[in-house]
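*Asks:* Coordinates in protein.cif, mmCIF, C-alpha atoms and all ligand atoms, are listed below.
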```cif
data_run
loop_
_atom_site.label_atom_id
_atom_site.label_comp_id
_atom_site.auth_asym_id
_atom_site.auth_seq_id
_atom_site.Cartn_x
_atom_site.Cartn_y
_atom_site.Cartn_z
CA MET A 1 83.18 90.22 87.36
CA THR A 2 79.44 90.55 87.90
CA PHE A 3 78.16 91.25 91.37
CA ALA A 4 75.71 93.48 93.11
CA VAL A 5 76.84 96.65 94.85
CA PRO A 6 74.73 98.25 97.56
CA SER A 7 72.55 101.28 96.85
CA PRO A 8 73.30 104.12 96.12
CA PHE A 9 76.30 102.76 94.18
CA ARG A 10 75.90 101.69 90.54
CA LEU A 11 78.68 99.53 89.18
CA VAL A 12 80.17 99.87 85.71
CA HIS A 13 82.72 97.09 85.31
CA LEU A 14 85.30 97.17 82.54
CA VAL A 15 87.84 94.50 81.76
CA GLU A 16 90.25 97.18 80.59
CA ALA A 17 90.31 100.97 80.53
CA VAL A 18 92.96 103.51 79.72
CA SER A 19 92.02 105.13 83.02
CA THR A 20 88.83 104.87 85.06
CA GLN A 21 89.15 108.65 85.56
CA GLU A 22 88.62 109.19 81.82
CA GLU A 23 85.73 106.71 81.73
CA ALA A 24 84.16 108.44 84.73
CA GLY A 25 84.56 111.86 83.13
CA ARG A 26 82.87 110.64 79.97
CA LEU A 27 79.97 109.07 81.89
CA ALA A 28 79.63 112.21 84.02
CA ARG A 29 79.38 114.38 80.91
CA ASP A 30 76.75 111.97 79.55
CA GLY A 31 74.70 112.52 82.72
CA CYS A 32 75.29 109.35 84.74
CA PRO A 33 73.80 109.38 88.26
CA GLY A 34 75.88 110.28 91.27
CA TRP A 35 77.48 107.27 93.02
CA THR A 36 78.28 105.58 89.69
CA LEU A 37 81.40 103.51 90.30
CA ILE A 38 83.66 102.58 87.41
CA VAL A 39 85.91 99.60 88.11
CA ALA A 40 88.51 98.30 85.65
CA ASP A 41 90.43 95.04 86.00
CA ARG A 42 93.44 96.78 84.50
CA GLN A 43 94.37 100.20 83.15
CA THR A 44 96.70 100.92 80.29
CA GLY A 45 97.17 104.59 81.20
CA GLY A 46 96.45 104.77 84.93
CA ARG A 47 97.61 108.03 86.46
CA GLY A 48 98.24 109.41 89.90
CA ARG A 49 98.89 112.72 91.58
CA PHE A 50 101.51 114.99 89.97
CA ASP A 51 100.70 113.27 86.64
CA ARG A 52 102.68 110.22 87.68
CA PRO A 53 101.76 106.94 86.01
CA TRP A 54 99.84 104.47 88.20
CA VAL A 55 100.93 100.89 87.50
CA SER A 56 97.70 98.96 86.90
CA GLU A 57 98.20 95.21 86.51
CA PRO A 58 95.22 92.89 87.13
CA GLY A 59 94.76 91.89 90.78
CA ASN A 60 94.62 95.32 92.40
CA LEU A 61 91.64 97.69 92.66
CA TYR A 62 91.28 100.51 90.13
CA ALA A 63 88.06 102.46 90.55
CA THR A 64 86.59 105.93 90.14
CA LEU A 65 83.44 107.14 91.88
CA VAL A 66 81.31 109.89 90.32
CA LEU A 67 79.77 112.24 92.89
CA ARG A 68 77.15 114.86 92.06
CA PRO A 69 76.95 117.10 95.11
CA ASP A 70 74.00 119.48 95.47
CA ASN A 71 74.66 122.64 93.46
CA GLY A 72 77.87 121.02 92.19
CA GLN A 73 79.63 122.21 95.32
CA PRO A 74 80.98 120.69 98.51
CA PRO A 75 79.19 122.00 101.65
CA PRO A 76 79.57 125.72 102.37
CA GLY A 77 82.74 126.52 104.26
CA THR A 78 84.51 123.37 103.07
CA SER A 79 86.65 122.70 100.03
CA ILE A 80 86.99 119.95 97.48
CA GLY A 81 90.39 118.82 98.76
CA LEU A 82 88.69 117.59 101.91
CA ILE A 83 86.79 114.97 99.90
CA GLY A 84 90.07 113.20 99.28
CA LEU A 85 90.82 113.17 102.99
CA ALA A 86 87.38 111.70 103.75
CA ALA A 87 87.88 109.06 101.03
CA GLY A 88 91.36 108.24 102.34
CA LEU A 89 89.90 107.70 105.78
CA ALA A 90 87.35 105.28 104.30
CA VAL A 91 90.12 103.33 102.55
CA TRP A 92 92.09 103.19 105.83
CA GLU A 93 89.00 101.80 107.58
CA ALA A 94 88.40 99.18 104.88
CA ALA A 95 92.06 98.13 104.88
CA SER A 96 92.02 97.80 108.66
CA THR A 97 89.10 95.37 108.34
CA LEU A 98 90.84 93.33 105.63
CA ALA A 99 94.21 93.36 107.45
CA ALA A 100 93.51 93.95 111.13
CA GLY A 101 96.48 95.07 113.20
CA ALA A 102 98.72 95.33 110.14
CA GLY A 103 100.36 98.68 110.80
CA LEU A 104 98.18 100.96 108.68
CA ALA A 105 98.42 104.74 108.66
CA LEU A 106 97.28 107.70 106.58
CA LYS A 107 99.86 109.84 104.82
CA TRP A 108 98.67 113.36 104.06
CA PRO A 109 96.64 114.05 102.09
CA ASN A 110 95.03 110.72 101.31
CA ASP A 111 97.49 107.85 100.89
CA VAL A 112 97.19 104.74 103.02
CA LEU A 113 100.47 103.24 104.16
CA LEU A 114 101.06 99.66 105.25
CA ARG A 115 104.19 99.42 107.46
CA GLY A 116 105.29 102.75 105.99
CA ALA A 117 104.93 101.69 102.33
CA LYS A 118 102.21 102.95 99.98
CA LEU A 119 99.18 100.69 99.84
CA SER A 120 96.70 103.05 98.26
CA GLY A 121 96.42 106.39 96.50
CA ILE A 122 93.51 108.66 95.66
CA LEU A 123 93.07 111.15 92.84
CA VAL A 124 90.30 113.78 93.10
CA GLU A 125 89.32 115.69 89.96
CA LEU A 126 86.45 117.89 88.84
CA SER A 127 84.35 117.23 85.75
CA GLY A 128 81.70 119.90 85.25
CA SER A 129 79.53 119.78 88.35
CA CYS A 130 80.77 116.27 89.25
CA ILE A 131 83.62 115.24 91.50
CA LEU A 132 85.59 112.19 90.41
CA VAL A 133 87.26 110.25 93.21
CA GLY A 134 89.75 107.70 91.88
CA PHE A 135 91.11 104.89 94.05
CA GLY A 136 94.04 102.61 93.52
CA VAL A 137 94.41 99.95 96.22
CA ASN A 138 97.17 97.35 96.03
CA LEU A 139 95.56 94.00 96.85
CA ALA A 140 97.71 91.33 95.18
CA HIS A 141 100.76 93.23 93.88
CA SER A 142 103.17 95.87 95.11
CA PRO A 143 104.29 97.74 91.97
CA ARG A 144 108.07 97.89 91.65
CA GLY A 145 110.49 100.46 90.29
CA LEU A 146 108.76 103.48 91.80
CA PRO A 147 110.47 106.32 93.66
CA TYR A 148 108.71 105.27 96.88
CA ALA A 149 108.17 102.00 98.75
CA THR A 150 104.97 100.10 97.96
CA SER A 151 102.99 97.40 99.73
CA CYS A 152 99.89 95.29 99.14
CA LEU A 153 97.31 93.65 101.37
CA ALA A 154 98.63 90.21 100.42
CA ASP A 155 101.92 91.18 102.15
CA ALA A 156 100.05 91.63 105.41
CA THR A 157 97.63 88.74 105.30
CA GLY A 158 99.43 86.11 103.21
CA GLN A 159 96.53 85.98 100.77
CA SER A 160 95.14 88.53 98.43
CA PRO A 161 91.60 89.82 98.86
CA THR A 162 89.74 89.90 95.55
CA VAL A 163 88.45 93.17 94.11
CA ARG A 164 85.00 92.07 95.23
CA ASP A 165 86.19 91.32 98.80
CA CYS A 166 87.67 94.79 98.89
CA LEU A 167 84.57 96.54 97.51
CA ASP A 168 82.31 94.65 99.95
CA VAL A 169 84.18 96.33 102.80
CA LEU A 170 85.12 99.60 101.14
CA LEU A 171 81.78 100.74 99.70
CA PRO A 172 79.90 100.98 103.03
CA ARG A 173 82.80 102.93 104.53
CA LEU A 174 82.92 105.23 101.49
CA GLN A 175 79.19 105.87 101.68
CA ILE A 176 79.42 106.79 105.37
CA ARG A 177 82.44 109.08 104.97
CA LEU A 178 81.44 110.76 101.70
CA GLU A 179 77.76 111.24 102.57
CA GLY A 180 78.94 112.49 105.94
CA PHE A 181 81.24 114.98 104.25
CA LEU A 182 78.64 116.13 101.70
CA THR A 183 76.04 116.78 104.41
CA ALA A 184 78.06 117.89 107.45
CA GLY A 185 81.54 118.72 106.15
CA PHE A 186 84.85 117.39 107.46
CA GLU A 187 84.70 118.53 111.09
CA PRO A 188 82.88 115.44 112.45
CA MET A 189 85.62 113.17 111.06
CA ARG A 190 88.62 115.42 111.71
CA ALA A 191 89.62 113.63 114.94
CA ASP A 192 89.38 110.20 113.26
CA TYR A 193 91.54 111.44 110.39
CA LEU A 194 94.18 112.99 112.64
CA SER A 195 94.42 109.95 114.91
CA ARG A 196 95.47 107.86 111.89
CA LEU A 197 97.73 110.44 110.26
CA SER A 198 101.42 109.51 110.28
CA GLY A 199 104.13 111.99 111.21
CA VAL A 200 102.18 114.32 113.50
CA GLY A 201 104.65 116.07 115.82
CA GLU A 202 107.59 114.74 113.79
CA THR A 203 110.03 116.52 111.49
CA VAL A 204 109.18 115.85 107.85
CA THR A 205 110.17 117.07 104.41
CA VAL A 206 107.40 118.12 102.02
CA TYR A 207 108.18 118.21 98.30
CA ARG A 208 105.81 120.61 96.58
CA ASP A 209 106.58 119.50 93.03
CA ALA A 210 107.02 116.18 91.26
CA ALA A 211 110.67 116.94 90.41
CA LYS A 212 111.46 117.41 94.12
CA LEU A 213 113.06 120.80 93.52
CA ASP A 214 110.74 122.72 95.82
CA ARG A 215 111.02 121.37 99.38
CA VAL A 216 110.18 122.58 102.83
CA ASP A 217 111.24 120.99 106.15
CA GLY A 218 109.35 121.35 109.39
CA ILE A 219 107.34 119.74 112.16
CA LEU A 220 103.99 118.37 111.03
CA ARG A 221 101.33 120.02 113.21
CA GLY A 222 98.10 118.87 111.55
CA ILE A 223 95.67 120.21 108.95
CA ASP A 224 93.63 123.40 108.66
CA ASP A 225 89.91 123.77 107.87
CA HIS A 226 90.53 123.24 104.15
CA GLY A 227 92.59 120.07 104.66
CA ARG A 228 95.87 121.87 103.98
CA LEU A 229 98.95 120.64 105.82
CA LEU A 230 100.26 122.76 108.69
CA LEU A 231 104.01 122.71 109.07
CA GLU A 232 105.99 124.52 111.76
CA CYS A 233 109.18 125.85 110.21
CA ASP A 234 111.69 127.68 112.44
CA GLY A 235 108.89 129.03 114.64
CA SER A 236 106.62 130.20 111.79
CA GLN A 237 103.75 128.26 110.27
CA GLU A 238 103.61 127.15 106.63
CA THR A 239 100.33 126.07 105.03
CA ILE A 240 100.74 123.58 102.19
CA SER A 241 98.01 122.81 99.64
CA ALA A 242 99.69 119.98 97.71
CA GLY A 243 102.83 117.98 98.17
CA ASP A 244 104.50 114.74 99.03
CA VAL A 245 105.35 114.21 102.72
CA VAL A 246 108.49 112.23 103.49
CA ALA A 247 109.45 111.23 107.03
CA ARG A 248 112.94 112.34 108.06
CA PRO A 249 115.15 110.01 110.06
C1 LIG B 1 98.22 108.82 93.74
O1 LIG B 1 99.09 109.28 92.99
O2 LIG B 1 98.49 108.51 94.90
C2 LIG B 1 96.80 108.66 93.24
C3 LIG B 1 96.64 107.36 92.49
C4 LIG B 1 95.23 107.17 91.95
C5 LIG B 1 95.14 105.92 91.09
C6 LIG B 1 93.72 105.61 90.72
S1 LIG B 1 93.56 103.99 90.00
C7 LIG B 1 91.92 104.36 89.54
C8 LIG B 1 91.91 105.79 89.05
N1 LIG B 1 92.28 105.82 87.66
C9 LIG B 1 93.44 106.43 87.47
O3 LIG B 1 94.00 106.59 86.36
N2 LIG B 1 93.92 106.89 88.62
C10 LIG B 1 93.06 106.55 89.72
#
```
Taking this structure as input, can you express it in the form of structure tokens?

*Replies:*
Amino acid sequence: MTFAVPSPFRLVHLVEAVSTQEEAGRLARDGCPGWTLIVADRQTGGRGRFDRPWVSEPGNLYATLVLRPDNGQPPPGTSIGLIGLAAGLAVWEAASTLAAGAGLALKWPNDVLLRGAKLSGILVELSGSCILVGFGVNLAHSPRGLPYATSCLADATGQSPTVRDCLDVLLPRLQIRLEGFLTAGFEPMRADYLSRLSGVGETVTVYRDAAKLDRVDGILRGIDDHGRLLLECDGSQETISAGDVVARP
């Protein structure tokens, strides 16, 4: 795959990587410029949140973006977790262009759902003064055998966008949302995020650990200034930093 990406992105394309997160971390330590984007056709050790494996067969998008914010910090008064929310919003916007009217929603913090099944996941990590934003977007395949339902854009449109089709739409949205976040914080995009967030006002269960031993039930009320989930539980408010939200029937 050789194609141009718009400035400020710089593409590093790999046929195979263990994980684009590891490649990005290595390049970041070696001093690569901000907005370097590592894309792999497949990963042999792709990973997701909670250290879950991320199935990475050819045909879907596996990419990590290296950001170098000024001073190595997100804007004052914001926090790094909000970058994932901004990136998730950009993926939602790209998916809604590729599959208009297909029943897309955000699941806190930064998954995109297609008809309630996971289409995309994002992993945000720090490497020195860089922020690594990893994206997995299911274009051609819905991975099977996972403890949650999955979907792919081919399910919605009948044909699979290529990785290039997806990047053509995704990169401009990412630039707008991430530059916006790095200069002005999350507030200007909060309403856009919330209007696409699934489960607001509904009773949900949030599992706070991968083993699903630590759960809390409540009504999803929104997010706070740090992007944490606000849950109303028997009249009191819980603030949740990390977890897996599951809709309750
Ligand atoms: C999640 O669990 O929802 C986050 C999944 C993130 C997967 C992407 S694929 C590209 C990058 N490389 C990885 O190993 N993980 C991220």

*Asks:* Kindly indicate which residue among A:Leu104, A:Leu123, A:Val163, A:Leu194 lies nearest to Ala40 in chain A, using all atoms listed in the file for the distances.

*Replies:*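 For Ala40 in chain A, the nearest of the given residues is A:Val163.
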
*Asks:* How would you write, as an NGL selection string, the set of residues no farther than 10 Å from ligand LIG 1 (chain B) when counting only C-alpha atoms and all ligand atoms?

*Replies:* :A and (17-24 or 38-40 or 42-56 or 60-65 or 109-112 or 118-125 or 132-138 or 244)

*Asks:* Applying 12 Å and all atoms listed in the file, which residues near Cys152 in chain A remain after dropping the ones on its own chain fewer than 2 positions away? List them as number ranges by chain.

*Replies:* A: 59-61, 95, 98-99, 102, 104, 112-121, 136-144, 149-150, 154-161

*Asks:* Generate a file of the selected residues that holds C-alpha atoms, formatted as a PDB file, in the frame of the given file.

*Replies:*
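Result file follows (out.pdb):
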```pdb
ATOM      1  CA  GLY A  59      94.760  91.890  90.780  1.00  0.00           C
ATOM      2  CA  ASN A  60      94.620  95.320  92.400  1.00  0.00           C
ATOM      3  CA  LEU A  61      91.640  97.690  92.660  1.00  0.00           C
ATOM      4  CA  ALA A  95      92.060  98.130 104.880  1.00  0.00           C
ATOM      5  CA  LEU A  98      90.840  93.330 105.630  1.00  0.00           C
ATOM      6  CA  ALA A  99      94.210  93.360 107.450  1.00  0.00           C
ATOM      7  CA  ALA A 102      98.720  95.330 110.140  1.00  0.00           C
ATOM      8  CA  LEU A 104      98.180 100.960 108.680  1.00  0.00           C
ATOM      9  CA  VAL A 112      97.190 104.740 103.020  1.00  0.00           C
ATOM     10  CA  LEU A 113     100.470 103.240 104.160  1.00  0.00           C
ATOM     11  CA  LEU A 114     101.060  99.660 105.250  1.00  0.00           C
ATOM     12  CA  ARG A 115     104.190  99.420 107.460  1.00  0.00           C
ATOM     13  CA  GLY A 116     105.290 102.750 105.990  1.00  0.00           C
ATOM     14  CA  ALA A 117     104.930 101.690 102.330  1.00  0.00           C
ATOM     15  CA  LYS A 118     102.210 102.950  99.980  1.00  0.00           C
ATOM     16  CA  LEU A 119      99.180 100.690  99.840  1.00  0.00           C
ATOM     17  CA  SER A 120      96.700 103.050  98.260  1.00  0.00           C
ATOM     18  CA  GLY A 121      96.420 106.390  96.500  1.00  0.00           C
ATOM     19  CA  GLY A 136      94.040 102.610  93.520  1.00  0.00           C
ATOM     20  CA  VAL A 137      94.410  99.950  96.220  1.00  0.00           C
ATOM     21  CA  ASN A 138      97.170  97.350  96.030  1.00  0.00           C
ATOM     22  CA  LEU A 139      95.560  94.000  96.850  1.00  0.00           C
ATOM     23  CA  ALA A 140      97.710  91.330  95.180  1.00  0.00           C
ATOM     24  CA  HIS A 141     100.760  93.230  93.880  1.00  0.00           C
ATOM     25  CA  SER A 142     103.170  95.870  95.110  1.00  0.00           C
ATOM     26  CA  PRO A 143     104.290  97.740  91.970  1.00  0.00           C
ATOM     27  CA  ARG A 144     108.070  97.890  91.650  1.00  0.00           C
ATOM     28  CA  ALA A 149     108.170 102.000  98.750  1.00  0.00           C
ATOM     29  CA  THR A 150     104.970 100.100  97.960  1.00  0.00           C
ATOM     30  CA  ALA A 154      98.630  90.210 100.420  1.00  0.00           C
ATOM     31  CA  ASP A 155     101.920  91.180 102.150  1.00  0.00           C
ATOM     32  CA  ALA A 156     100.050  91.630 105.410  1.00  0.00           C
ATOM     33  CA  THR A 157      97.630  88.740 105.300  1.00  0.00           C
ATOM     34  CA  GLY A 158      99.430  86.110 103.210  1.00  0.00           C
ATOM     35  CA  GLN A 159      96.530  85.980 100.770  1.00  0.00           C
ATOM     36  CA  SER A 160      95.140  88.530  98.430  1.00  0.00           C
ATOM     37  CA  PRO A 161      91.600  89.820  98.860  1.00  0.00           C
TER      38      PRO A 161
END
```

*Asks:* Would you please work out which residue, of A:Leu197, A:Gly128, A:Gly185, A:Lys212, is nearest to Gly81 in chain A when using all atoms listed in the file?

*Replies:*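 Smallest separation from Gly81 in chain A among the options: A:Gly185.
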
*Asks:* I'd like the contact shell of Val66 in chain A - 6 Å cut-off, only C-alpha atoms, skipping same-chain residues fewer than 4 positions apart - returned as a list in words.

*Replies:*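 Once the nearby chain positions are removed, what remains is Gly34, Trp35, Thr36, Ile131 and Leu132 of chain A.
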
*Asks:* Between A:Ala247, A:Ile223, A:Val15, A:Leu85, which residue has the minimum interatomic distance to Pro58 in chain A, considering all atoms listed in the file?

*Replies:*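 The shortest atom-to-atom distance to Pro58 in chain A comes from A:Val15.
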
*Asks:* Could you name the residues that touch range 173-178 of chain A at 12 Å or less, counting only C-alpha atoms, but leaving out those on the same chain fewer than 3 positions away, as a VMD selection string?

*Replies:* chain A and resid 5 to 9 34 to 35 37 64 to 69 74 to 75 80 82 to 97 131 133 135 166 to 170 181 to 190 192 to 193

*Asks:* For each of A:Asp225, A:Glu232, A:Glu16, A:Glu238, take the minimum atom-to-atom distance to Glu57 in chain A, counting all atoms listed in the file, then give the residue where this is smallest.

*Replies:*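 Closest to Glu57 in chain A, using all atoms listed in the file: A:Glu16.
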
*Asks:* Would you work out the distance separating CA of Leu126 in chain A from CA of Asp209 in chain A, expressed in Å to one decimal?

*Replies:* 20.6 Å

*Asks:* If you measure from CA of Leu153 in chain A to CA of Leu171 in chain A, what distance in Å do you get, rounded to one decimal?

*Replies:*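 Between CA of Leu153 in chain A and CA of Leu171 in chain A the gap works out to 17.2 Å.
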
*Asks:* Between CA of Thr239 in chain A and CA of Gly201 in chain A, what is the spacing in Å?

*Replies:* 15.3 Å
